[in-house]
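Q: Please read through the structure below; I'll follow up with questions.
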Amino acid sequence: MPRATNAPASRRRRRRTLEQAKGFRGSRSKLFRQATEAVDRAMRMATTHRKDRKRTYRQLWIARISAACRQNGITYSRLMEGLTKQKIALNRKMLSEIAIHDPEGFSTIVEQARGALA
């Protein structure tokens, strides 16, 4: 009886891994074993980096808000304290967009926050 190798399934599995490794450099996209290791790592890192991206964007928004605050003569932490006391529920993403695209509007928000601190 001939030896059964399950060739079609093995070929499919290898092709699928090599397809995922397309765009990797050198043997990581050509050789099955190295491609498997590279794809496994890429999948693991993709999960981590999706979480990191949220953190990075928050840092960016805070940096933008802080820069706009200093132009208006207040610190970021005092602005956030004032907004909390005034019960103004604007998230950091929207605050940074307002600071960039509507500086006068941001100034009014700062003035409202200052009113709560006084």
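Simple scheme: letters A, B, ... for chains in structure tokens order, numbers from 1 for residues in each chain, numbers from 1 for ligands in the order shown.
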For range 65-72 of chain A, find every residue with an atom within 7 Å (counting only C-alpha atoms), except residues of its own chain fewer than 3 positions away, and show them as a short mmCIF file (atom, residue, chain, number, x, y, z; two decimals) with N, CA and C atoms, in the first residue's frame.

A:
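Here's the written file selection28.cif:
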data_model
loop_
_atom_site.label_atom_id
_atom_site.label_comp_id
_atom_site.auth_asym_id
_atom_site.auth_seq_id
_atom_site.Cartn_x
_atom_site.Cartn_y
_atom_site.Cartn_z
N TRP A 61 -2.60 63.56 21.37
CA TRP A 61 -3.68 64.51 21.69
C TRP A 61 -3.31 65.36 22.89
N ILE A 62 -2.74 64.74 23.91
CA ILE A 62 -2.37 65.47 25.12
C ILE A 62 -1.28 66.49 24.80
N THR A 75 -2.00 75.64 32.20
CA THR A 75 -1.35 74.33 31.98
C THR A 75 -2.42 73.29 31.63
N TYR A 76 -1.96 72.20 31.08
CA TYR A 76 -2.87 71.12 30.67
C TYR A 76 -3.64 70.58 31.88
N LEU A 95 -10.86 67.74 21.94
CA LEU A 95 -10.18 68.95 22.41
C LEU A 95 -9.00 69.30 21.52
N SER A 96 -8.23 68.28 21.10
CA SER A 96 -7.07 68.56 20.25
C SER A 96 -7.51 69.03 18.88
N ALA A 99 -8.51 72.60 19.26
CA ALA A 99 -7.31 73.42 19.44
C ALA A 99 -6.62 73.71 18.11
N SER A 107 -10.12 78.87 22.98
CA SER A 107 -9.93 79.94 23.98
C SER A 107 -11.15 80.09 24.87
#

Q: Could you write out, as a PDB file with N, CA and C atoms, in the first residue's frame, all the residues of chain A that DSSP marks as helix (DSSP H, G or I)?

A:
ATOM      1  N   ALA A   7      -0.626  15.375   0.798  1.00  0.00           N
ATOM      2  CA  ALA A   7       0.049  16.440   0.054  1.00  0.00           C
ATOM      3  C   ALA A   7      -0.835  17.663  -0.219  1.00  0.00           C
ATOM      4  N   PRO A   8      -2.072  17.496  -0.674  1.00  0.00           N
ATOM      5  CA  PRO A   8      -2.866  18.699  -0.980  1.00  0.00           C
ATOM      6  C   PRO A   8      -3.046  19.614   0.226  1.00  0.00           C
ATOM      7  N   ALA A   9      -3.320  19.053   1.400  1.00  0.00           N
ATOM      8  CA  ALA A   9      -3.529  19.856   2.606  1.00  0.00           C
ATOM      9  C   ALA A   9      -2.227  20.524   3.029  1.00  0.00           C
ATOM     10  N   SER A  10      -1.109  19.788   2.923  1.00  0.00           N
ATOM     11  CA  SER A  10       0.191  20.355   3.299  1.00  0.00           C
ATOM     12  C   SER A  10       0.544  21.509   2.377  1.00  0.00           C
ATOM     13  N   ARG A  11       0.325  21.317   1.091  1.00  0.00           N
ATOM     14  CA  ARG A  11       0.626  22.374   0.119  1.00  0.00           C
ATOM     15  C   ARG A  11      -0.215  23.620   0.393  1.00  0.00           C
ATOM     16  N   ARG A  12      -1.496  23.388   0.685  1.00  0.00           N
ATOM     17  CA  ARG A  12      -2.397  24.509   0.980  1.00  0.00           C
ATOM     18  C   ARG A  12      -1.930  25.279   2.207  1.00  0.00           C
ATOM     19  N   ARG A  13      -1.554  24.521   3.247  1.00  0.00           N
ATOM     20  CA  ARG A  13      -1.103  25.149   4.484  1.00  0.00           C
ATOM     21  C   ARG A  13       0.161  25.967   4.241  1.00  0.00           C
ATOM     22  N   ARG A  14       1.110  25.397   3.492  1.00  0.00           N
ATOM     23  CA  ARG A  14       2.366  26.109   3.209  1.00  0.00           C
ATOM     24  C   ARG A  14       2.106  27.330   2.349  1.00  0.00           C
ATOM     25  N   ARG A  15       1.244  27.205   1.352  1.00  0.00           N
ATOM     26  CA  ARG A  15       0.952  28.333   0.470  1.00  0.00           C
ATOM     27  C   ARG A  15       0.310  29.470   1.256  1.00  0.00           C
ATOM     28  N   ARG A  16      -0.597  29.107   2.193  1.00  0.00           N
ATOM     29  CA  ARG A  16      -1.280  30.118   2.991  1.00  0.00           C
ATOM     30  C   ARG A  16      -0.263  30.901   3.839  1.00  0.00           C
ATOM     31  N   THR A  17       0.689  30.192   4.452  1.00  0.00           N
ATOM     32  CA  THR A  17       1.705  30.859   5.263  1.00  0.00           C
ATOM     33  C   THR A  17       2.588  31.750   4.400  1.00  0.00           C
ATOM     34  N   LEU A  18       2.992  31.249   3.224  1.00  0.00           N
ATOM     35  CA  LEU A  18       3.858  32.041   2.345  1.00  0.00           C
ATOM     36  C   LEU A  18       3.117  33.256   1.789  1.00  0.00           C
ATOM     37  N   GLU A  19       1.809  33.136   1.577  1.00  0.00           N
ATOM     38  CA  GLU A  19       1.008  34.294   1.139  1.00  0.00           C
ATOM     39  C   GLU A  19       1.017  35.376   2.223  1.00  0.00           C
ATOM     40  N   GLN A  20       0.890  34.944   3.493  1.00  0.00           N
ATOM     41  CA  GLN A  20       0.893  35.909   4.597  1.00  0.00           C
ATOM     42  C   GLN A  20       2.259  36.573   4.746  1.00  0.00           C
ATOM     43  N   GLY A  26      13.802  38.842   1.980  1.00  0.00           N
ATOM     44  CA  GLY A  26      14.680  37.676   1.855  1.00  0.00           C
ATOM     45  C   GLY A  26      13.978  36.354   2.078  1.00  0.00           C
ATOM     46  N   SER A  27      14.667  35.477   2.806  1.00  0.00           N
ATOM     47  CA  SER A  27      14.168  34.120   2.979  1.00  0.00           C
ATOM     48  C   SER A  27      12.919  34.065   3.855  1.00  0.00           C
ATOM     49  N   ARG A  28      12.622  35.154   4.567  1.00  0.00           N
ATOM     50  CA  ARG A  28      11.422  35.176   5.412  1.00  0.00           C
ATOM     51  C   ARG A  28      10.156  35.113   4.570  1.00  0.00           C
ATOM     52  N   SER A  29      10.271  35.442   3.286  1.00  0.00           N
ATOM     53  CA  SER A  29       9.102  35.347   2.413  1.00  0.00           C
ATOM     54  C   SER A  29       9.203  34.183   1.441  1.00  0.00           C
ATOM     55  N   PHE A  32       9.708  28.117   3.908  1.00  0.00           N
ATOM     56  CA  PHE A  32       8.532  27.873   4.751  1.00  0.00           C
ATOM     57  C   PHE A  32       8.823  28.025   6.236  1.00  0.00           C
ATOM     58  N   ARG A  33       9.919  27.447   6.721  1.00  0.00           N
ATOM     59  CA  ARG A  33      10.179  27.485   8.156  1.00  0.00           C
ATOM     60  C   ARG A  33      10.390  28.922   8.630  1.00  0.00           C
ATOM     61  N   GLN A  34      11.197  29.679   7.909  1.00  0.00           N
ATOM     62  CA  GLN A  34      11.447  31.055   8.316  1.00  0.00           C
ATOM     63  C   GLN A  34      10.198  31.916   8.154  1.00  0.00           C
ATOM     64  N   ALA A  35       9.427  31.610   7.123  1.00  0.00           N
ATOM     65  CA  ALA A  35       8.186  32.361   6.918  1.00  0.00           C
ATOM     66  C   ALA A  35       7.212  32.089   8.056  1.00  0.00           C
ATOM     67  N   THR A  36       7.138  30.847   8.510  1.00  0.00           N
ATOM     68  CA  THR A  36       6.241  30.487   9.608  1.00  0.00           C
ATOM     69  C   THR A  36       6.603  31.269  10.866  1.00  0.00           C
ATOM     70  N   GLU A  37       7.897  31.316  11.187  1.00  0.00           N
ATOM     71  CA  GLU A  37       8.342  32.039  12.380  1.00  0.00           C
ATOM     72  C   GLU A  37       8.047  33.535  12.242  1.00  0.00           C
ATOM     73  N   ALA A  38       8.295  34.071  11.039  1.00  0.00           N
ATOM     74  CA  ALA A  38       8.075  35.499  10.817  1.00  0.00           C
ATOM     75  C   ALA A  38       6.594  35.853  10.909  1.00  0.00           C
ATOM     76  N   VAL A  39       5.738  35.014  10.338  1.00  0.00           N
ATOM     77  CA  VAL A  39       4.292  35.279  10.356  1.00  0.00           C
ATOM     78  C   VAL A  39       3.755  35.156  11.774  1.00  0.00           C
ATOM     79  N   ASP A  40       4.214  34.135  12.514  1.00  0.00           N
ATOM     80  CA  ASP A  40       3.762  33.972  13.901  1.00  0.00           C
ATOM     81  C   ASP A  40       4.118  35.202  14.734  1.00  0.00           C
ATOM     82  N   ARG A  41       5.354  35.669  14.562  1.00  0.00           N
ATOM     83  CA  ARG A  41       5.779  36.850  15.308  1.00  0.00           C
ATOM     84  C   ARG A  41       4.980  38.078  14.876  1.00  0.00           C
ATOM     85  N   ALA A  42       4.752  38.210  13.579  1.00  0.00           N
ATOM     86  CA  ALA A  42       4.001  39.364  13.074  1.00  0.00           C
ATOM     87  C   ALA A  42       2.588  39.378  13.640  1.00  0.00           C
ATOM     88  N   MET A  43       1.966  38.223  13.744  1.00  0.00           N
ATOM     89  CA  MET A  43       0.611  38.154  14.299  1.00  0.00           C
ATOM     90  C   MET A  43       0.608  38.546  15.775  1.00  0.00           C
ATOM     91  N   ARG A  44       1.623  38.072  16.510  1.00  0.00           N
ATOM     92  CA  ARG A  44       1.723  38.433  17.924  1.00  0.00           C
ATOM     93  C   ARG A  44       1.927  39.933  18.084  1.00  0.00           C
ATOM     94  N   MET A  45       2.834  40.484  17.283  1.00  0.00           N
ATOM     95  CA  MET A  45       3.144  41.904  17.385  1.00  0.00           C
ATOM     96  C   MET A  45       1.962  42.761  16.941  1.00  0.00           C
ATOM     97  N   ALA A  46       1.177  42.274  15.994  1.00  0.00           N
ATOM     98  CA  ALA A  46       0.020  43.040  15.517  1.00  0.00           C
ATOM     99  C   ALA A  46      -0.954  43.280  16.663  1.00  0.00           C
ATOM    100  N   THR A  47      -1.150  42.274  17.505  1.00  0.00           N
ATOM    101  CA  THR A  47      -2.042  42.410  18.652  1.00  0.00           C
ATOM    102  C   THR A  47      -1.495  43.462  19.613  1.00  0.00           C
ATOM    103  N   THR A  48      -0.201  43.371  19.906  1.00  0.00           N
ATOM    104  CA  THR A  48       0.437  44.327  20.812  1.00  0.00           C
ATOM    105  C   THR A  48       0.362  45.733  20.248  1.00  0.00           C
ATOM    106  N   HIS A  49       0.636  45.856  18.948  1.00  0.00           N
ATOM    107  CA  HIS A  49       0.706  47.184  18.345  1.00  0.00           C
ATOM    108  C   HIS A  49      -0.665  47.831  18.212  1.00  0.00           C
ATOM    109  N   ARG A  50      -1.709  47.028  18.090  1.00  0.00           N
ATOM    110  CA  ARG A  50      -3.055  47.620  18.088  1.00  0.00           C
ATOM    111  C   ARG A  50      -3.329  48.304  19.411  1.00  0.00           C
ATOM    112  N   LYS A  51      -2.867  47.699  20.500  1.00  0.00           N
ATOM    113  CA  LYS A  51      -3.040  48.310  21.817  1.00  0.00           C
ATOM    114  C   LYS A  51      -2.146  49.547  21.955  1.00  0.00           C
ATOM    115  N   ASP A  52      -0.907  49.449  21.457  1.00  0.00           N
ATOM    116  CA  ASP A  52       0.044  50.567  21.551  1.00  0.00           C
ATOM    117  C   ASP A  52      -0.448  51.784  20.778  1.00  0.00           C
ATOM    118  N   ARG A  53      -1.113  51.541  19.647  1.00  0.00           N
ATOM    119  CA  ARG A  53      -1.570  52.658  18.811  1.00  0.00           C
ATOM    120  C   ARG A  53      -2.525  53.558  19.586  1.00  0.00           C
ATOM    121  N   LYS A  54      -3.385  52.976  20.395  1.00  0.00           N
ATOM    122  CA  LYS A  54      -4.330  53.758  21.202  1.00  0.00           C
ATOM    123  C   LYS A  54      -3.555  54.644  22.186  1.00  0.00           C
ATOM    124  N   ARG A  55      -2.518  54.069  22.790  1.00  0.00           N
ATOM    125  CA  ARG A  55      -1.689  54.799  23.735  1.00  0.00           C
ATOM    126  C   ARG A  55      -0.969  55.959  23.046  1.00  0.00           C
ATOM    127  N   THR A  56      -0.442  55.689  21.855  1.00  0.00           N
ATOM    128  CA  THR A  56       0.319  56.700  21.116  1.00  0.00           C
ATOM    129  C   THR A  56      -0.570  57.865  20.713  1.00  0.00           C
ATOM    130  N   TYR A  57      -1.792  57.564  20.250  1.00  0.00           N
ATOM    131  CA  TYR A  57      -2.695  58.638  19.864  1.00  0.00           C
ATOM    132  C   TYR A  57      -3.065  59.505  21.060  1.00  0.00           C
ATOM    133  N   ARG A  58      -3.306  58.876  22.198  1.00  0.00           N
ATOM    134  CA  ARG A  58      -3.636  59.653  23.400  1.00  0.00           C
ATOM    135  C   ARG A  58      -2.485  60.595  23.755  1.00  0.00           C
ATOM    136  N   GLN A  59      -1.242  60.114  23.657  1.00  0.00           N
ATOM    137  CA  GLN A  59      -0.077  60.965  23.925  1.00  0.00           C
ATOM    138  C   GLN A  59      -0.042  62.152  22.975  1.00  0.00           C
ATOM    139  N   LEU A  60      -0.341  61.900  21.707  1.00  0.00           N
ATOM    140  CA  LEU A  60      -0.342  62.966  20.708  1.00  0.00           C
ATOM    141  C   LEU A  60      -1.394  64.017  21.033  1.00  0.00           C
ATOM    142  N   TRP A  61      -2.601  63.560  21.368  1.00  0.00           N
ATOM    143  CA  TRP A  61      -3.679  64.505  21.686  1.00  0.00           C
ATOM    144  C   TRP A  61      -3.307  65.361  22.892  1.00  0.00           C
ATOM    145  N   ILE A  62      -2.743  64.737  23.908  1.00  0.00           N
ATOM    146  CA  ILE A  62      -2.371  65.474  25.116  1.00  0.00           C
ATOM    147  C   ILE A  62      -1.284  66.495  24.799  1.00  0.00           C
ATOM    148  N   ALA A  63      -0.320  66.128  23.966  1.00  0.00           N
ATOM    149  CA  ALA A  63       0.750  67.064  23.592  1.00  0.00           C
ATOM    150  C   ALA A  63       0.168  68.266  22.851  1.00  0.00           C
ATOM    151  N   ARG A  64      -0.792  68.027  21.960  1.00  0.00           N
ATOM    152  CA  ARG A  64      -1.415  69.122  21.209  1.00  0.00           C
ATOM    153  C   ARG A  64      -2.216  70.038  22.129  1.00  0.00           C
ATOM    154  N   ILE A  65      -2.984  69.432  23.023  1.00  0.00           N
ATOM    155  CA  ILE A  65      -3.791  70.231  23.956  1.00  0.00           C
ATOM    156  C   ILE A  65      -2.880  71.055  24.854  1.00  0.00           C
ATOM    157  N   SER A  66      -1.804  70.437  25.326  1.00  0.00           N
ATOM    158  CA  SER A  66      -0.869  71.120  26.212  1.00  0.00           C
ATOM    159  C   SER A  66      -0.246  72.327  25.516  1.00  0.00           C
ATOM    160  N   ALA A  67       0.126  72.162  24.251  1.00  0.00           N
ATOM    161  CA  ALA A  67       0.714  73.275  23.496  1.00  0.00           C
ATOM    162  C   ALA A  67      -0.304  74.414  23.349  1.00  0.00           C
ATOM    163  N   ALA A  68      -1.549  74.072  23.054  1.00  0.00           N
ATOM    164  CA  ALA A  68      -2.594  75.089  22.907  1.00  0.00           C
ATOM    165  C   ALA A  68      -2.891  75.755  24.248  1.00  0.00           C
ATOM    166  N   CYS A  69      -2.832  74.990  25.328  1.00  0.00           N
ATOM    167  CA  CYS A  69      -3.074  75.549  26.663  1.00  0.00           C
ATOM    168  C   CYS A  69      -2.034  76.606  26.988  1.00  0.00           C
ATOM    169  N   ARG A  70      -0.787  76.301  26.726  1.00  0.00           N
ATOM    170  CA  ARG A  70       0.290  77.233  27.050  1.00  0.00           C
ATOM    171  C   ARG A  70       0.155  78.533  26.267  1.00  0.00           C
ATOM    172  N   GLN A  71      -0.380  78.454  25.043  1.00  0.00           N
ATOM    173  CA  GLN A  71      -0.632  79.675  24.275  1.00  0.00           C
ATOM    174  C   GLN A  71      -1.721  80.515  24.936  1.00  0.00           C
ATOM    175  N   TYR A  76      -1.955  72.199  31.078  1.00  0.00           N
ATOM    176  CA  TYR A  76      -2.866  71.118  30.670  1.00  0.00           C
ATOM    177  C   TYR A  76      -3.639  70.579  31.878  1.00  0.00           C
ATOM    178  N   SER A  77      -2.924  70.347  32.974  1.00  0.00           N
ATOM    179  CA  SER A  77      -3.582  69.735  34.133  1.00  0.00           C
ATOM    180  C   SER A  77      -4.633  70.672  34.737  1.00  0.00           C
ATOM    181  N   ARG A  78      -4.335  71.975  34.753  1.00  0.00           N
ATOM    182  CA  ARG A  78      -5.322  72.929  35.280  1.00  0.00           C
ATOM    183  C   ARG A  78      -6.536  73.018  34.362  1.00  0.00           C
ATOM    184  N   LEU A  79      -6.308  72.944  33.041  1.00  0.00           N
ATOM    185  CA  LEU A  79      -7.426  72.939  32.090  1.00  0.00           C
ATOM    186  C   LEU A  79      -8.335  71.746  32.350  1.00  0.00           C
ATOM    187  N   MET A  80      -7.738  70.563  32.481  1.00  0.00           N
ATOM    188  CA  MET A  80      -8.540  69.353  32.684  1.00  0.00           C
ATOM    189  C   MET A  80      -9.289  69.418  34.020  1.00  0.00           C
ATOM    190  N   GLU A  81      -8.654  69.983  35.033  1.00  0.00           N
ATOM    191  CA  GLU A  81      -9.316  70.147  36.334  1.00  0.00           C
ATOM    192  C   GLU A  81     -10.519  71.080  36.193  1.00  0.00           C
ATOM    193  N   GLY A  82     -10.333  72.188  35.476  1.00  0.00           N
ATOM    194  CA  GLY A  82     -11.416  73.143  35.271  1.00  0.00           C
ATOM    195  C   GLY A  82     -12.568  72.552  34.472  1.00  0.00           C
ATOM    196  N   LEU A  83     -12.234  71.780  33.443  1.00  0.00           N
ATOM    197  CA  LEU A  83     -13.283  71.153  32.628  1.00  0.00           C
ATOM    198  C   LEU A  83     -14.088  70.153  33.454  1.00  0.00           C
ATOM    199  N   THR A  84     -13.406  69.438  34.320  1.00  0.00           N
ATOM    200  CA  THR A  84     -14.091  68.470  35.178  1.00  0.00           C
ATOM    201  C   THR A  84     -15.040  69.190  36.136  1.00  0.00           C
ATOM    202  N   LYS A  85     -14.568  70.287  36.725  1.00  0.00           N
ATOM    203  CA  LYS A  85     -15.412  71.032  37.661  1.00  0.00           C
ATOM    204  C   LYS A  85     -16.613  71.668  36.958  1.00  0.00           C
ATOM    205  N   GLN A  86     -16.414  72.094  35.705  1.00  0.00           N
ATOM    206  CA  GLN A  86     -17.508  72.688  34.930  1.00  0.00           C
ATOM    207  C   GLN A  86     -18.429  71.623  34.331  1.00  0.00           C
ATOM    208  N   ARG A  92     -10.240  63.974  24.821  1.00  0.00           N
ATOM    209  CA  ARG A  92      -8.977  64.578  24.415  1.00  0.00           C
ATOM    210  C   ARG A  92      -8.846  64.687  22.904  1.00  0.00           C
ATOM    211  N   LYS A  93      -9.400  63.729  22.190  1.00  0.00           N
ATOM    212  CA  LYS A  93      -9.337  63.776  20.728  1.00  0.00           C
ATOM    213  C   LYS A  93     -10.063  65.022  20.212  1.00  0.00           C
ATOM    214  N   MET A  94     -11.266  65.257  20.721  1.00  0.00           N
ATOM    215  CA  MET A  94     -12.045  66.412  20.265  1.00  0.00           C
ATOM    216  C   MET A  94     -11.400  67.720  20.716  1.00  0.00           C
ATOM    217  N   LEU A  95     -10.863  67.744  21.940  1.00  0.00           N
ATOM    218  CA  LEU A  95     -10.184  68.952  22.411  1.00  0.00           C
ATOM    219  C   LEU A  95      -8.998  69.300  21.518  1.00  0.00           C
ATOM    220  N   SER A  96      -8.226  68.280  21.104  1.00  0.00           N
ATOM    221  CA  SER A  96      -7.070  68.557  20.253  1.00  0.00           C
ATOM    222  C   SER A  96      -7.511  69.028  18.875  1.00  0.00           C
ATOM    223  N   GLU A  97      -8.609  68.477  18.348  1.00  0.00           N
ATOM    224  CA  GLU A  97      -9.120  68.928  17.044  1.00  0.00           C
ATOM    225  C   GLU A  97      -9.594  70.382  17.130  1.00  0.00           C
ATOM    226  N   ILE A  98     -10.276  70.713  18.222  1.00  0.00           N
ATOM    227  CA  ILE A  98     -10.737  72.097  18.418  1.00  0.00           C
ATOM    228  C   ILE A  98      -9.527  73.028  18.519  1.00  0.00           C
ATOM    229  N   ALA A  99      -8.506  72.601  19.262  1.00  0.00           N
ATOM    230  CA  ALA A  99      -7.311  73.424  19.441  1.00  0.00           C
ATOM    231  C   ALA A  99      -6.622  73.705  18.110  1.00  0.00           C
ATOM    232  N   ILE A 100      -6.640  72.744  17.201  1.00  0.00           N
ATOM    233  CA  ILE A 100      -5.963  72.916  15.910  1.00  0.00           C
ATOM    234  C   ILE A 100      -6.816  73.740  14.952  1.00  0.00           C
ATOM    235  N   HIS A 101      -8.074  73.370  14.809  1.00  0.00           N
ATOM    236  CA  HIS A 101      -8.911  73.942  13.748  1.00  0.00           C
ATOM    237  C   HIS A 101      -9.724  75.166  14.164  1.00  0.00           C
ATOM    238  N   PRO A 103      -8.994  77.827  17.043  1.00  0.00           N
ATOM    239  CA  PRO A 103      -8.311  78.366  18.230  1.00  0.00           C
ATOM    240  C   PRO A 103      -9.185  79.289  19.080  1.00  0.00           C
ATOM    241  N   GLU A 104     -10.095  80.065  18.431  1.00  0.00           N
ATOM    242  CA  GLU A 104     -10.973  80.959  19.211  1.00  0.00           C
ATOM    243  C   GLU A 104     -11.921  80.135  20.078  1.00  0.00           C
ATOM    244  N   GLY A 105     -12.453  79.056  19.509  1.00  0.00           N
ATOM    245  CA  GLY A 105     -13.332  78.174  20.277  1.00  0.00           C
ATOM    246  C   GLY A 105     -12.603  77.547  21.443  1.00  0.00           C
ATOM    247  N   PHE A 106     -11.348  77.170  21.213  1.00  0.00           N
ATOM    248  CA  PHE A 106     -10.555  76.582  22.292  1.00  0.00           C
ATOM    249  C   PHE A 106     -10.324  77.615  23.396  1.00  0.00           C
ATOM    250  N   SER A 107     -10.124  78.873  22.985  1.00  0.00           N
ATOM    251  CA  SER A 107      -9.925  79.935  23.983  1.00  0.00           C
ATOM    252  C   SER A 107     -11.154  80.095  24.866  1.00  0.00           C
ATOM    253  N   THR A 108     -12.351  79.976  24.279  1.00  0.00           N
ATOM    254  CA  THR A 108     -13.571  80.084  25.095  1.00  0.00           C
ATOM    255  C   THR A 108     -13.690  78.914  26.064  1.00  0.00           C
ATOM    256  N   ILE A 109     -13.285  77.744  25.611  1.00  0.00           N
ATOM    257  CA  ILE A 109     -13.296  76.572  26.506  1.00  0.00           C
ATOM    258  C   ILE A 109     -12.336  76.804  27.663  1.00  0.00           C
ATOM    259  N   VAL A 110     -11.152  77.354  27.350  1.00  0.00           N
ATOM    260  CA  VAL A 110     -10.162  77.649  28.398  1.00  0.00           C
ATOM    261  C   VAL A 110     -10.727  78.657  29.391  1.00  0.00           C
ATOM    262  N   GLU A 111     -11.417  79.666  28.896  1.00  0.00           N
ATOM    263  CA  GLU A 111     -11.996  80.682  29.781  1.00  0.00           C
ATOM    264  C   GLU A 111     -13.054  80.065  30.710  1.00  0.00           C
ATOM    265  N   GLN A 112     -13.850  79.147  30.172  1.00  0.00           N
ATOM    266  CA  GLN A 112     -14.852  78.457  31.010  1.00  0.00           C
ATOM    267  C   GLN A 112     -14.160  77.631  32.086  1.00  0.00           C
ATOM    268  N   ALA A 113     -13.066  76.960  31.722  1.00  0.00           N
ATOM    269  CA  ALA A 113     -12.317  76.164  32.701  1.00  0.00           C
ATOM    270  C   ALA A 113     -11.717  77.058  33.757  1.00  0.00           C
ATOM    271  N   ARG A 114     -11.192  78.234  33.329  1.00  0.00           N
ATOM    272  CA  ARG A 114     -10.620  79.192  34.292  1.00  0.00           C
ATOM    273  C   ARG A 114     -11.690  79.674  35.271  1.00  0.00           C
ATOM    274  N   GLY A 115     -12.904  79.868  34.768  1.00  0.00           N
ATOM    275  CA  GLY A 115     -14.004  80.323  35.629  1.00  0.00           C
ATOM    276  C   GLY A 115     -14.286  79.342  36.746  1.00  0.00           C
ATOM    277  N   ALA A 116     -14.139  78.044  36.464  1.00  0.00           N
ATOM    278  CA  ALA A 116     -14.397  77.023  37.482  1.00  0.00           C
ATOM    279  C   ALA A 116     -13.274  76.990  38.513  1.00  0.00           C
ATOM    280  N   LEU A 117     -12.073  77.375  38.091  1.00  0.00           N
ATOM    281  CA  LEU A 117     -10.922  77.312  39.011  1.00  0.00           C
ATOM    282  C   LEU A 117     -10.868  78.506  39.950  1.00  0.00           C
TER     283      LEU A 117
END

Q: Quick one: pull the distance between CA of Asp102 in chain A and CA of Leu90 in chain A, Å, one decimal.

A: 14.6 Å

Q: At what distance in Å, to one decimal, does CA of Ile88 in chain A lie from CA of Ile74 in chain A?

A: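 Pair CA of Ile74 in chain A / CA of Ile88 in chain A returns 16.9 Å.
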